[in-house]
Amino acid sequence: MFRIDALIREIEELSAGKLPSTPVCGAENLTVRTFAPLDHAAADTVAFLAQSKYREEARLSKAGVVVMSQADVDAIYGEAGPDRPVVITKNPYAWFAYATQIMTRRPLPEAGIRPGAHVDPTARVAATAVVETGATVAEGAVIGEAVHIYPGAYVGAGTVVGDNSIIYANAVIYHGCHIGRRCILHSGCGIGADGFGFAPFDGEWVKIPQIGGVTLEDDVEIGANTTIDRGALEDTLVRRGSKLDNQIQLGHNCRVGECTVMAACTGGAGSTHIGSHCVIGGAANINGHIEIPDGVSLGPATSLMSWHKGEKVMSGFFPAMGHREFERAAVIVMNLPKMRKQLKELEARLAALQPNG
Amino acid sequence: MFRIDALIREIEELSAGKLPSTPVCGAENLTVRTFAPLDHAAADTVAFLAQSKYREEARLSKAGVVVMSQADVDAIYGEAGPDRPVVITKNPYAWFAYATQIMTRRPLPEAGIRPGAHVDPTARVAATAVVETGATVAEGAVIGEAVHIYPGAYVGAGTVVGDNSIIYANAVIYHGCHIGRRCILHSGCGIGADGFGFAPFDGEWVKIPQIGGVTLEDDVEIGANTTIDRGALEDTLVRRGSKLDNQIQLGHNCRVGECTVMAACTGGAGSTHIGSHCVIGGAANINGHIEIPDGVSLGPATSLMSWHKGEKVMSGFFPAMGHREFERAAVIVMNLPKMRKQLKELEARLAALQPNG
Amino acid sequence: MFRIDALIREIEELSAGKLPSTPVCGAENLTVRTFAPLDHAAADTVAFLAQSKYREEARLSKAGVVVMSQADVDAIYGEAGPDRPVVITKNPYAWFAYATQIMTRRPLPEAGIRPGAHVDPTARVAATAVVETGATVAEGAVIGEAVHIYPGAYVGAGTVVGDNSIIYANAVIYHGCHIGRRCILHSGCGIGADGFGFAPFDGEWVKIPQIGGVTLEDDVEIGANTTIDRGALEDTLVRRGSKLDNQIQLGHNCRVGECTVMAACTGGAGSTHIGSHCVIGGAANINGHIEIPDGVSLGPATSLMSWHKGEKVMSGFFPAMGHREFERAAVIVMNLPKMRKQLKELEARLAALQPNG
């Protein structure tokens, strides 16, 4: 059970003071068991009004407490103010996220290196960290406080993992990489494999060793089976607060700015720089050596060859349609140059008919 | 060596009685060593006529036994009936699949937990299961009869793996998931990583814990390095008999119906529901919150934003062409609105010329 | 520190004599610490002129030694010849690649099977090989000289790994596969999972066992989390010298010729054959049962359904544009058949106006 006043205090703490909230009508003294959707909420739950279109559901909700913005409070209850327990905050959805973090938190497993974990004698593992069965921490690696390394994960030689990070099962971090604090690396991701660099010679490909590493700054999350290649000379870099979904691929020397989100199955080829506060849609693929400015969005399934200056959102994928219509449209696409030529000829002929047209 | 009559009995059993077959001309007493293509078959092999266009090859085949449908028997041998050993069945291709299963079956390895496997004392592992070196079964997990867990695989806390399932090397199943019976999970897949859920707040992204799990019903196959995220509140679900190829990504709360096949490299964003008996082409990507009805097909490399009601097959990808032609066509695609405008102007001018046209 | 004359000898050796080089102006007696870009090079470094447009940078470079072609020497220094230490070779970029290999080479770790590695007693591991903690080598596998198997990697029953190959952490090679010499398999790749083969029967899918394997010839590199399925009957094959980037998927019975490079996130469906000396762009996807001839290039993000005879480069993806422009263009693409019809009607009407036009 969670006391609302305790939740409010802890959310303020977790958000570094950025998300205060005010209990009214006795909300502060209530206790809830869990959270629930507005329209399925019992008296021992807390519910959230995240979008104004659900004001009526909020008004009718049987939740013990409803979290909402001042604007929604005003719209629902008017000058009289709420007649039921409410928590007022500027961002109920973020309040929900923090509250869920608190309410679903499980105690850290007992600290220590489990039997069957493989930790090189030259590695430094903080006393509060957990290294589970079958995980390997190679020579010279440094594992911070309260880090949790799941079974089968691999931390390469000299790699540093910052405090409070979680490395899930079978994730791989090659040698010489830097993982920040509070990072989450999901299962099967591969951080620091060789960038794809070869010199063509006499019909063959001569490997160019990749001597950079990968740096993930604080609060970065990496999805399952995502791969981020080490840099050719300097580090491939993902800056603080960015979140990468599953099966993303970043080539050597890519850079991702702060607090950018990339949806699943996207790819960035070598040396591409994605700005801060960008939103990259799923299955988009981005060519190499491109600069994507701060604060823009790339649509899903879009193949980007260059960012068009001034655009806020770029997109492009062939529209799906009934199969026979698609086949007809595809043939015409292939013949568009011919079609444009026909159009120009028509224009010319018409102009000849209408000399002053 | 395999007796044909024994094969026939076992296929009937494996198919739960749905695939009976009839030996004629002494086929039942024959013994074969292996299967072979019609035109390269020796006397100690069984061959299959799966498509009627190969009737002539079947007639001439030197295979000891040929499996075919009654219609093909009639077409090849007429009223006289076969003059050589034949097995008649309604689906020779499925007969081939079952027969191959039987003929290539290897004995289960000796049951037990191998030295170097890590099984938590609170986990329950059936006596007939195999847990190999370096695999981990976490606290409270339940491993059914004759399950085979390969080296390095991970079964998280409280996860249940049903009887006769195979978990290949380095596959990862997070905590709180349910894997049905006779499932096959290939190497490196990741079942139950966190869904991609964040609340935007003050330019940052606040993680929303994902407290659902993943349920795979019976007879589901998951390809190598495929990832299926756990649900936000309820389980992400793949229903019985569906087959997913390699490197597929399913976001949180996706649902896949029964007996649907998804080819490699496809992606389904969060909360998308794919029906039963669908065929999803390779490299297709499906937006979130879409409903795909039962029994339809999605073409390869298609980006689906919504299913068009009534369509049986939807497709859409830019046609590949010679590079210079592509460059010309791409420029015109970008200018299609202008081209349409020109066309309308022409129509108007022509109409002005032909007032009664 | 590296003597230039020793580097020259070793590069000639590594290239099997194909890349000789000539030191002039005393370059042979110099010693360098590392390599550097032309314009940031100190006296103890070697720099490379790989593209003629940087001749001026080469002339001004403070590097101890500059590597360049005879043509660039002639263009920069004319008849007088170089007045500073220079190494002349026909391919400075390949010289750079080889030199980097030599200069960044680390000593092999001590040979042997580490405690915590799981090697079946029937496997044969060369005395010079390294098998690290948590790796598994299954029954009957054969590991060649100086092979390095990283933690958590899995080599299946009967699989052969050729001399000097590197298998990175958590890579998986199923049973019955053949890996050549000097191959590099990056983390999390999956070699030899079952091909995606099922017989449709009564609304369900009957698995067809995949009894081929995978053969990678010598000098093949496989990127992180790339998957290559085993063949249905014969082996899936990647021929010598080909390089595959991360997150590539090759279906059963694909064949890739010699010295072909495939960029990340590409996919080849079953039974597709890619020629030798091809370049496959990132995120391209190739349909099944296609033949791609030798020496051609496939553009990035291109969906290939068939190779158009005679083409050297094929491409095709929807061009990215501003989002609203994209939406307008996409609607027109879906209506292209109607637009073509309008164009034809216009032509007919105009022809009626101009009977002799």
# chains A, B, ... in the order shown; residues from 1 in each chain; ligands from 1
$ residues_around --residues "C:Gln247" --least-positions-apart "3" --cutoff "6 Å" --atoms "only C-alpha atoms" --output "VMD selection string"
chain C and resid 225 to 226 264 to 265
$ residues_around --residues "B:Phe196" --least-positions-apart "6" --cutoff "9 Å" --atoms "only C-alpha atoms" --output "ChimeraX atom specification"
/A:223,243-246,263-264 /B:207-208,210,229,232,251-252,270
$ select_by_dssp --residues "stretch 29-252 of chain C" --states "strand (DSSP E)" --output "PyMOL selection string"
chain C and resi 31-32+34-35+45-48+65-68+86-89+112-113+118-119+124-125+130-131+136-137+142-143+148-149+154-155+160-161+166-167+172-173+178-179+184-185+190-191+198-201+204-207+214-216+221-222+227-228+236-238+243-244+249-250
$ residues_around --residues "C:Glu221" --least-positions-apart "5" --cutoff "12 Å" --atoms "only C-alpha atoms" --output "PDB file with N, CA and C atoms, in the first residue's frame"
ATOM      1  N   ALA A 193      30.887  -3.719 -31.281  1.00  0.00           N
ATOM      2  CA  ALA A 193      31.436  -4.574 -32.339  1.00  0.00           C
ATOM      3  C   ALA A 193      32.152  -3.676 -33.356  1.00  0.00           C
ATOM      4  N   ASP A 194      32.985  -4.296 -34.172  1.00  0.00           N
ATOM      5  CA  ASP A 194      33.770  -3.510 -35.131  1.00  0.00           C
ATOM      6  C   ASP A 194      32.887  -2.749 -36.096  1.00  0.00           C
ATOM      7  N   GLY A 195      33.187  -1.479 -36.321  1.00  0.00           N
ATOM      8  CA  GLY A 195      32.583  -0.768 -37.433  1.00  0.00           C
ATOM      9  C   GLY A 195      32.938  -1.462 -38.737  1.00  0.00           C
ATOM     10  N   PHE A 196      32.119  -1.197 -39.745  1.00  0.00           N
ATOM     11  CA  PHE A 196      32.248  -1.900 -41.024  1.00  0.00           C
ATOM     12  C   PHE A 196      33.197  -1.109 -41.906  1.00  0.00           C
ATOM     13  N   GLY A 197      34.494  -1.367 -41.749  1.00  0.00           N
ATOM     14  CA  GLY A 197      35.484  -0.601 -42.493  1.00  0.00           C
ATOM     15  C   GLY A 197      36.478  -1.501 -43.196  1.00  0.00           C
ATOM     16  N   PHE A 198      36.554  -1.362 -44.522  1.00  0.00           N
ATOM     17  CA  PHE A 198      37.435  -2.190 -45.326  1.00  0.00           C
ATOM     18  C   PHE A 198      38.008  -1.350 -46.461  1.00  0.00           C
ATOM     19  N   TRP A 205      38.818  -7.205 -49.828  1.00  0.00           N
ATOM     20  CA  TRP A 205      38.524  -6.185 -48.828  1.00  0.00           C
ATOM     21  C   TRP A 205      39.480  -6.358 -47.657  1.00  0.00           C
ATOM     22  N   VAL A 206      40.312  -5.337 -47.440  1.00  0.00           N
ATOM     23  CA  VAL A 206      41.294  -5.398 -46.357  1.00  0.00           C
ATOM     24  C   VAL A 206      40.704  -4.713 -45.132  1.00  0.00           C
ATOM     25  N   LYS A 207      40.642  -5.447 -44.036  1.00  0.00           N
ATOM     26  CA  LYS A 207      40.004  -4.927 -42.828  1.00  0.00           C
ATOM     27  C   LYS A 207      40.786  -3.751 -42.247  1.00  0.00           C
TER      28      LYS A 207
ATOM     29  N   SER C 165      40.354 -18.085 -36.664  1.00  0.00           N
ATOM     30  CA  SER C 165      39.064 -17.392 -36.635  1.00  0.00           C
ATOM     31  C   SER C 165      38.773 -16.860 -35.234  1.00  0.00           C
ATOM     32  N   ILE C 166      37.922 -15.824 -35.182  1.00  0.00           N
ATOM     33  CA  ILE C 166      37.527 -15.214 -33.917  1.00  0.00           C
ATOM     34  C   ILE C 166      36.014 -15.317 -33.786  1.00  0.00           C
ATOM     35  N   ILE C 167      35.568 -15.886 -32.681  1.00  0.00           N
ATOM     36  CA  ILE C 167      34.126 -15.986 -32.417  1.00  0.00           C
ATOM     37  C   ILE C 167      33.860 -15.119 -31.190  1.00  0.00           C
ATOM     38  N   TYR C 168      33.200 -13.976 -31.395  1.00  0.00           N
ATOM     39  CA  TYR C 168      33.014 -13.022 -30.298  1.00  0.00           C
ATOM     40  C   TYR C 168      31.913 -13.472 -29.330  1.00  0.00           C
ATOM     41  N   ILE C 179      32.971 -23.234 -40.552  1.00  0.00           N
ATOM     42  CA  ILE C 179      33.474 -21.868 -40.559  1.00  0.00           C
ATOM     43  C   ILE C 179      34.921 -21.942 -41.031  1.00  0.00           C
ATOM     44  N   GLY C 180      35.254 -21.118 -42.022  1.00  0.00           N
ATOM     45  CA  GLY C 180      36.581 -21.182 -42.625  1.00  0.00           C
ATOM     46  C   GLY C 180      37.667 -20.592 -41.736  1.00  0.00           C
ATOM     47  N   ARG C 181      38.810 -20.378 -42.350  1.00  0.00           N
ATOM     48  CA  ARG C 181      39.950 -19.804 -41.644  1.00  0.00           C
ATOM     49  C   ARG C 181      39.861 -18.276 -41.670  1.00  0.00           C
ATOM     50  N   ARG C 182      40.424 -17.682 -40.637  1.00  0.00           N
ATOM     51  CA  ARG C 182      40.473 -16.211 -40.530  1.00  0.00           C
ATOM     52  C   ARG C 182      39.092 -15.562 -40.639  1.00  0.00           C
ATOM     53  N   CYS C 183      38.069 -16.268 -40.232  1.00  0.00           N
ATOM     54  CA  CYS C 183      36.740 -15.649 -40.186  1.00  0.00           C
ATOM     55  C   CYS C 183      36.586 -14.867 -38.879  1.00  0.00           C
ATOM     56  N   ILE C 184      35.716 -13.859 -38.903  1.00  0.00           N
ATOM     57  CA  ILE C 184      35.392 -13.107 -37.694  1.00  0.00           C
ATOM     58  C   ILE C 184      33.874 -13.124 -37.543  1.00  0.00           C
ATOM     59  N   LEU C 185      33.401 -13.659 -36.436  1.00  0.00           N
ATOM     60  CA  LEU C 185      31.944 -13.685 -36.173  1.00  0.00           C
ATOM     61  C   LEU C 185      31.684 -12.797 -34.969  1.00  0.00           C
ATOM     62  N   HIS C 186      30.914 -11.754 -35.194  1.00  0.00           N
ATOM     63  CA  HIS C 186      30.699 -10.797 -34.111  1.00  0.00           C
ATOM     64  C   HIS C 186      29.609 -11.260 -33.151  1.00  0.00           C
ATOM     65  N   SER C 187      29.512 -10.522 -32.063  1.00  0.00           N
ATOM     66  CA  SER C 187      28.655 -10.924 -30.945  1.00  0.00           C
ATOM     67  C   SER C 187      27.214 -11.124 -31.374  1.00  0.00           C
ATOM     68  N   CYS C 189      25.662 -13.056 -33.256  1.00  0.00           N
ATOM     69  CA  CYS C 189      25.204 -13.578 -34.548  1.00  0.00           C
ATOM     70  C   CYS C 189      24.695 -15.002 -34.356  1.00  0.00           C
ATOM     71  N   LEU C 216      30.650 -21.091 -44.169  1.00  0.00           N
ATOM     72  CA  LEU C 216      31.324 -19.819 -44.414  1.00  0.00           C
ATOM     73  C   LEU C 216      32.742 -20.162 -44.833  1.00  0.00           C
ATOM     74  N   THR C 226      23.820 -10.666 -36.814  1.00  0.00           N
ATOM     75  CA  THR C 226      23.434 -11.166 -38.137  1.00  0.00           C
ATOM     76  C   THR C 226      23.023 -12.632 -38.016  1.00  0.00           C
ATOM     77  N   VAL C 238      28.346 -18.789 -47.795  1.00  0.00           N
ATOM     78  CA  VAL C 238      28.978 -17.489 -48.039  1.00  0.00           C
ATOM     79  C   VAL C 238      30.417 -17.772 -48.439  1.00  0.00           C
ATOM     80  N   ARG C 239      30.770 -17.322 -49.629  1.00  0.00           N
ATOM     81  CA  ARG C 239      32.082 -17.692 -50.159  1.00  0.00           C
ATOM     82  C   ARG C 239      33.193 -16.771 -49.667  1.00  0.00           C
ATOM     83  N   ARG C 240      34.406 -17.141 -49.968  1.00  0.00           N
ATOM     84  CA  ARG C 240      35.587 -16.517 -49.370  1.00  0.00           C
ATOM     85  C   ARG C 240      35.637 -14.989 -49.551  1.00  0.00           C
ATOM     86  N   GLY C 241      36.082 -14.341 -48.496  1.00  0.00           N
ATOM     87  CA  GLY C 241      36.366 -12.925 -48.586  1.00  0.00           C
ATOM     88  C   GLY C 241      35.165 -12.010 -48.508  1.00  0.00           C
ATOM     89  N   SER C 242      33.973 -12.557 -48.358  1.00  0.00           N
ATOM     90  CA  SER C 242      32.799 -11.675 -48.275  1.00  0.00           C
ATOM     91  C   SER C 242      32.631 -11.142 -46.853  1.00  0.00           C
ATOM     92  N   LYS C 243      32.091  -9.929 -46.775  1.00  0.00           N
ATOM     93  CA  LYS C 243      31.974  -9.241 -45.490  1.00  0.00           C
ATOM     94  C   LYS C 243      30.517  -8.848 -45.287  1.00  0.00           C
ATOM     95  N   LEU C 244      29.947  -9.314 -44.205  1.00  0.00           N
ATOM     96  CA  LEU C 244      28.547  -8.992 -43.886  1.00  0.00           C
ATOM     97  C   LEU C 244      28.523  -8.151 -42.618  1.00  0.00           C
ATOM     98  N   ASP C 245      27.808  -7.068 -42.692  1.00  0.00           N
ATOM     99  CA  ASP C 245      27.694  -6.136 -41.572  1.00  0.00           C
ATOM    100  C   ASP C 245      26.660  -6.666 -40.555  1.00  0.00           C
ATOM    101  N   ASN C 246      26.270  -5.832 -39.633  1.00  0.00           N
ATOM    102  CA  ASN C 246      25.364  -6.221 -38.545  1.00  0.00           C
ATOM    103  C   ASN C 246      23.916  -6.418 -39.015  1.00  0.00           C
ATOM    104  N   ILE C 248      22.133  -8.519 -40.513  1.00  0.00           N
ATOM    105  CA  ILE C 248      21.737  -9.041 -41.821  1.00  0.00           C
ATOM    106  C   ILE C 248      21.035 -10.370 -41.602  1.00  0.00           C
ATOM    107  N   GLU C 258      32.064 -14.559 -53.814  1.00  0.00           N
ATOM    108  CA  GLU C 258      33.329 -14.150 -53.202  1.00  0.00           C
ATOM    109  C   GLU C 258      33.424 -12.631 -53.114  1.00  0.00           C
ATOM    110  N   CYS C 259      33.990 -12.180 -52.003  1.00  0.00           N
ATOM    111  CA  CYS C 259      34.380 -10.773 -51.862  1.00  0.00           C
ATOM    112  C   CYS C 259      33.228  -9.803 -52.115  1.00  0.00           C
ATOM    113  N   THR C 260      32.062 -10.214 -51.712  1.00  0.00           N
ATOM    114  CA  THR C 260      30.901  -9.317 -51.759  1.00  0.00           C
ATOM    115  C   THR C 260      30.748  -8.636 -50.401  1.00  0.00           C
ATOM    116  N   VAL C 261      30.352  -7.366 -50.404  1.00  0.00           N
ATOM    117  CA  VAL C 261      30.089  -6.695 -49.129  1.00  0.00           C
ATOM    118  C   VAL C 261      28.603  -6.383 -49.021  1.00  0.00           C
ATOM    119  N   MET C 262      28.062  -6.666 -47.856  1.00  0.00           N
ATOM    120  CA  MET C 262      26.651  -6.381 -47.579  1.00  0.00           C
ATOM    121  C   MET C 262      26.601  -5.473 -46.366  1.00  0.00           C
ATOM    122  N   ALA C 263      25.989  -4.298 -46.542  1.00  0.00           N
ATOM    123  CA  ALA C 263      25.871  -3.349 -45.429  1.00  0.00           C
ATOM    124  C   ALA C 263      24.759  -3.782 -44.480  1.00  0.00           C
TER     125      ALA C 263
END
$ closest_atom_pairs --of "chain B" --to "chain C" --cutoff "8 Å" --atoms "only C-alpha atoms" --output "Markdown table"
| residue | atom | partner | partner_atom | distance |
| --- | --- | --- | --- | --- |
| B:Asn91 | CA | C:Phe201 | CA | 7.3 |
| B:Tyr93 | CA | C:Ala199 | CA | 6.2 |
| B:Ala94 | CA | C:Ala199 | CA | 5.3 |
| B:Phe96 | CA | C:Ile208 | CA | 7.9 |
| B:Ala97 | CA | C:Ile208 | CA | 4.7 |
| B:Tyr98 | CA | C:Val206 | CA | 7.1 |
| B:Thr100 | CA | C:Pro209 | CA | 6.3 |
| B:Gln101 | CA | C:Pro209 | CA | 5.8 |
| B:Thr104 | CA | C:Pro209 | CA | 7.4 |
| B:Gly116 | CA | C:His118 | CA | 7.5 |
| B:Thr133 | CA | C:His118 | CA | 6.6 |
| B:Gly134 | CA | C:Gly134 | CA | 6.0 |
| B:Pro151 | CA | C:Thr136 | CA | 6.8 |
| B:Gly152 | CA | C:Gly152 | CA | 6.4 |
| B:Ala169 | CA | C:Val172 | CA | 6.7 |
| B:Asn170 | CA | C:Asn170 | CA | 6.8 |
| B:His186 | CA | C:Ala193 | CA | 6.5 |
| B:Ser187 | CA | C:Gly190 | CA | 6.3 |
| B:Gly188 | CA | C:Gly188 | CA | 6.5 |
| B:Gly223 | CA | C:Ala193 | CA | 7.7 |
| B:Ala224 | CA | C:Ala193 | CA | 6.5 |
| B:Asn225 | CA | C:Asn225 | CA | 6.9 |
| B:Gly241 | CA | C:Glu204 | CA | 6.7 |
| B:Ser242 | CA | C:Trp205 | CA | 8.0 |
| B:Lys243 | CA | C:Trp205 | CA | 8.0 |
| B:Asp245 | CA | C:Phe196 | CA | 6.2 |
| B:Asn246 | CA | C:Thr227 | CA | 7.4 |
| B:Gln247 | CA | C:Gln249 | CA | 7.5 |
| B:Cys259 | CA | C:Glu204 | CA | 5.6 |
| B:Ala263 | CA | C:Phe196 | CA | 7.9 |
| B:Ala264 | CA | C:Gln249 | CA | 7.5 |
| B:Cys265 | CA | C:Gly267 | CA | 7.4 |
| B:His277 | CA | C:Gly203 | CA | 7.1 |
| B:Gly282 | CA | C:Ala269 | CA | 7.6 |
| B:Ala283 | CA | C:Asn285 | CA | 7.0 |
| B:Ala301 | CA | C:Ser303 | CA | 6.6 |
| B:Phe317 | CA | C:Ser303 | CA | 7.0 |
| B:Phe318 | CA | C:Phe317 | CA | 5.1 |
| B:Pro319 | CA | C:Gly316 | CA | 5.7 |
| B:Ala320 | CA | C:Gly316 | CA | 4.3 |
| B:Met321 | CA | C:Met314 | CA | 5.2 |
| B:Gly322 | CA | C:Met314 | CA | 4.4 |
| B:His323 | CA | C:Met314 | CA | 4.9 |
| B:Phe326 | CA | C:Gly316 | CA | 5.9 |
| B:Ala330 | CA | C:Pro319 | CA | 6.0 |
| B:Val331 | CA | C:Pro319 | CA | 7.9 |
| B:Val333 | CA | C:Ala329 | CA | 6.7 |
| B:Met334 | CA | C:Ala329 | CA | 6.6 |
| B:Asn335 | CA | C:Ala329 | CA | 7.6 |
| B:Leu336 | CA | C:Ala329 | CA | 5.8 |
| B:Pro337 | CA | C:Ala329 | CA | 6.1 |
| B:Arg340 | CA | C:Met339 | CA | 7.6 |
| B:Leu343 | CA | C:Leu343 | CA | 7.2 |
| B:Leu346 | CA | C:Leu346 | CA | 8.0 |
| B:Glu347 | CA | C:Leu346 | CA | 6.8 |
| B:Leu350 | CA | C:Leu350 | CA | 7.6 |
| B:Gly357 | CA | C:Arg349 | CA | 8.0 |
$ residues_around --residues "C:Gly275" --least-positions-apart "5" --cutoff "7 Å" --atoms "only C-alpha atoms" --output "short mmCIF file (atom, residue, chain, number, x, y, z; two decimals) with C-alpha atoms, in the first residue's frame"
data_model
loop_
_atom_site.label_atom_id
_atom_site.label_comp_id
_atom_site.auth_asym_id
_atom_site.auth_seq_id
_atom_site.Cartn_x
_atom_site.Cartn_y
_atom_site.Cartn_z
CA VAL C 256 26.78 -15.18 -51.45
CA GLY C 257 29.74 -15.18 -53.84
CA ILE C 292 22.06 -11.27 -58.62
CA PRO C 293 24.96 -11.34 -61.08
CA ASP C 294 28.62 -10.77 -60.24
CA GLY C 295 30.00 -7.31 -59.82
#
$ residues_around --residues "stretch 142-148 of chain C" --least-positions-apart "5" --cutoff "6 Å" --atoms "only C-alpha atoms" --output "PyMOL selection string"
chain C and resi 123-126+128-130+160-166
$ write_last_selection --atoms "N, CA and C atoms" --output "PDB file, in the first residue's frame"
ATOM      1  N   ALA C 123      34.986 -33.130 -28.284  1.00  0.00           N
ATOM      2  CA  ALA C 123      35.386 -32.032 -29.171  1.00  0.00           C
ATOM      3  C   ALA C 123      36.913 -32.018 -29.280  1.00  0.00           C
ATOM      4  N   ARG C 124      37.411 -31.498 -30.409  1.00  0.00           N
ATOM      5  CA  ARG C 124      38.867 -31.372 -30.575  1.00  0.00           C
ATOM      6  C   ARG C 124      39.216 -29.909 -30.656  1.00  0.00           C
ATOM      7  N   VAL C 125      39.979 -29.440 -29.681  1.00  0.00           N
ATOM      8  CA  VAL C 125      40.373 -28.033 -29.641  1.00  0.00           C
ATOM      9  C   VAL C 125      41.887 -27.960 -29.798  1.00  0.00           C
ATOM     10  N   ALA C 126      42.356 -27.210 -30.806  1.00  0.00           N
ATOM     11  CA  ALA C 126      43.804 -27.100 -31.031  1.00  0.00           C
ATOM     12  C   ALA C 126      44.482 -26.495 -29.800  1.00  0.00           C
ATOM     13  N   THR C 128      46.677 -24.329 -29.535  1.00  0.00           N
ATOM     14  CA  THR C 128      46.916 -22.887 -29.608  1.00  0.00           C
ATOM     15  C   THR C 128      45.628 -22.072 -29.532  1.00  0.00           C
ATOM     16  N   ALA C 129      44.478 -22.726 -29.445  1.00  0.00           N
ATOM     17  CA  ALA C 129      43.195 -22.005 -29.396  1.00  0.00           C
ATOM     18  C   ALA C 129      42.907 -21.521 -27.979  1.00  0.00           C
ATOM     19  N   VAL C 130      42.025 -20.513 -27.897  1.00  0.00           N
ATOM     20  CA  VAL C 130      41.569 -19.989 -26.616  1.00  0.00           C
ATOM     21  C   VAL C 130      40.054 -20.182 -26.538  1.00  0.00           C
ATOM     22  N   VAL C 160      32.812 -27.152 -37.370  1.00  0.00           N
ATOM     23  CA  VAL C 160      34.248 -26.970 -37.540  1.00  0.00           C
ATOM     24  C   VAL C 160      34.554 -25.482 -37.639  1.00  0.00           C
ATOM     25  N   VAL C 161      35.504 -25.012 -36.856  1.00  0.00           N
ATOM     26  CA  VAL C 161      35.939 -23.618 -36.943  1.00  0.00           C
ATOM     27  C   VAL C 161      37.404 -23.615 -37.375  1.00  0.00           C
ATOM     28  N   GLY C 162      37.674 -22.971 -38.525  1.00  0.00           N
ATOM     29  CA  GLY C 162      39.015 -23.010 -39.109  1.00  0.00           C
ATOM     30  C   GLY C 162      40.023 -22.152 -38.354  1.00  0.00           C
ATOM     31  N   ASP C 163      41.278 -22.352 -38.664  1.00  0.00           N
ATOM     32  CA  ASP C 163      42.385 -21.693 -37.976  1.00  0.00           C
ATOM     33  C   ASP C 163      42.239 -20.170 -37.987  1.00  0.00           C
ATOM     34  N   ASN C 164      42.681 -19.579 -36.861  1.00  0.00           N
ATOM     35  CA  ASN C 164      42.770 -18.124 -36.740  1.00  0.00           C
ATOM     36  C   ASN C 164      41.440 -17.382 -36.812  1.00  0.00           C
ATOM     37  N   SER C 165      40.354 -18.085 -36.664  1.00  0.00           N
ATOM     38  CA  SER C 165      39.064 -17.392 -36.635  1.00  0.00           C
ATOM     39  C   SER C 165      38.773 -16.860 -35.234  1.00  0.00           C
ATOM     40  N   ILE C 166      37.922 -15.824 -35.182  1.00  0.00           N
ATOM     41  CA  ILE C 166      37.527 -15.214 -33.917  1.00  0.00           C
ATOM     42  C   ILE C 166      36.014 -15.317 -33.786  1.00  0.00           C
TER      43      ILE C 166
END
$ select_by_dssp --residues "stretch 76-281 of chain B" --states "helix (DSSP H, G or I)" --output "PyMOL selection string"
chain B and resi 76-80+92-103
$ write_last_selection --atoms "C-alpha atoms" --output "PDB file, in the first residue's frame"
ATOM      1  CA  ILE B  76      -0.767 -40.650 -64.307  1.00  0.00           C
ATOM      2  CA  TYR B  77      -2.029 -44.227 -64.205  1.00  0.00           C
ATOM      3  CA  GLY B  78      -5.642 -43.944 -65.302  1.00  0.00           C
ATOM      4  CA  GLU B  79      -8.104 -46.718 -64.618  1.00  0.00           C
ATOM      5  CA  ALA B  80      -5.436 -49.409 -64.448  1.00  0.00           C
ATOM      6  CA  PRO B  92       1.840 -35.119 -50.146  1.00  0.00           C
ATOM      7  CA  TYR B  93       3.761 -31.993 -49.094  1.00  0.00           C
ATOM      8  CA  ALA B  94       2.556 -32.240 -45.487  1.00  0.00           C
ATOM      9  CA  TRP B  95       3.274 -35.996 -45.661  1.00  0.00           C
ATOM     10  CA  PHE B  96       6.810 -35.085 -46.720  1.00  0.00           C
ATOM     11  CA  ALA B  97       7.121 -32.632 -43.812  1.00  0.00           C
ATOM     12  CA  TYR B  98       5.987 -35.206 -41.266  1.00  0.00           C
ATOM     13  CA  ALA B  99       8.089 -37.954 -42.827  1.00  0.00           C
ATOM     14  CA  THR B 100      11.150 -35.724 -42.692  1.00  0.00           C
ATOM     15  CA  GLN B 101      10.467 -35.017 -39.037  1.00  0.00           C
ATOM     16  CA  ILE B 102      10.393 -38.740 -38.348  1.00  0.00           C
ATOM     17  CA  MET B 103      13.375 -39.644 -40.491  1.00  0.00           C
TER      18      MET B 103
END
$ residues_around --residues "A:Thr22" --least-positions-apart "2" --cutoff "7 Å" --atoms "only C-alpha atoms" --output "PyMOL selection string"
chain A and resi 24+87-89
$ residues_around --residues "C:Gly140" --least-positions-apart "5" --cutoff "6 Å" --atoms "only C-alpha atoms" --output "ChimeraX atom specification"
/C:122-123,157-158
$ atom_distance --atom1 "atom CA of A:Arg230" --atom2 "atom CA of A:Arg255"
11.3 Å
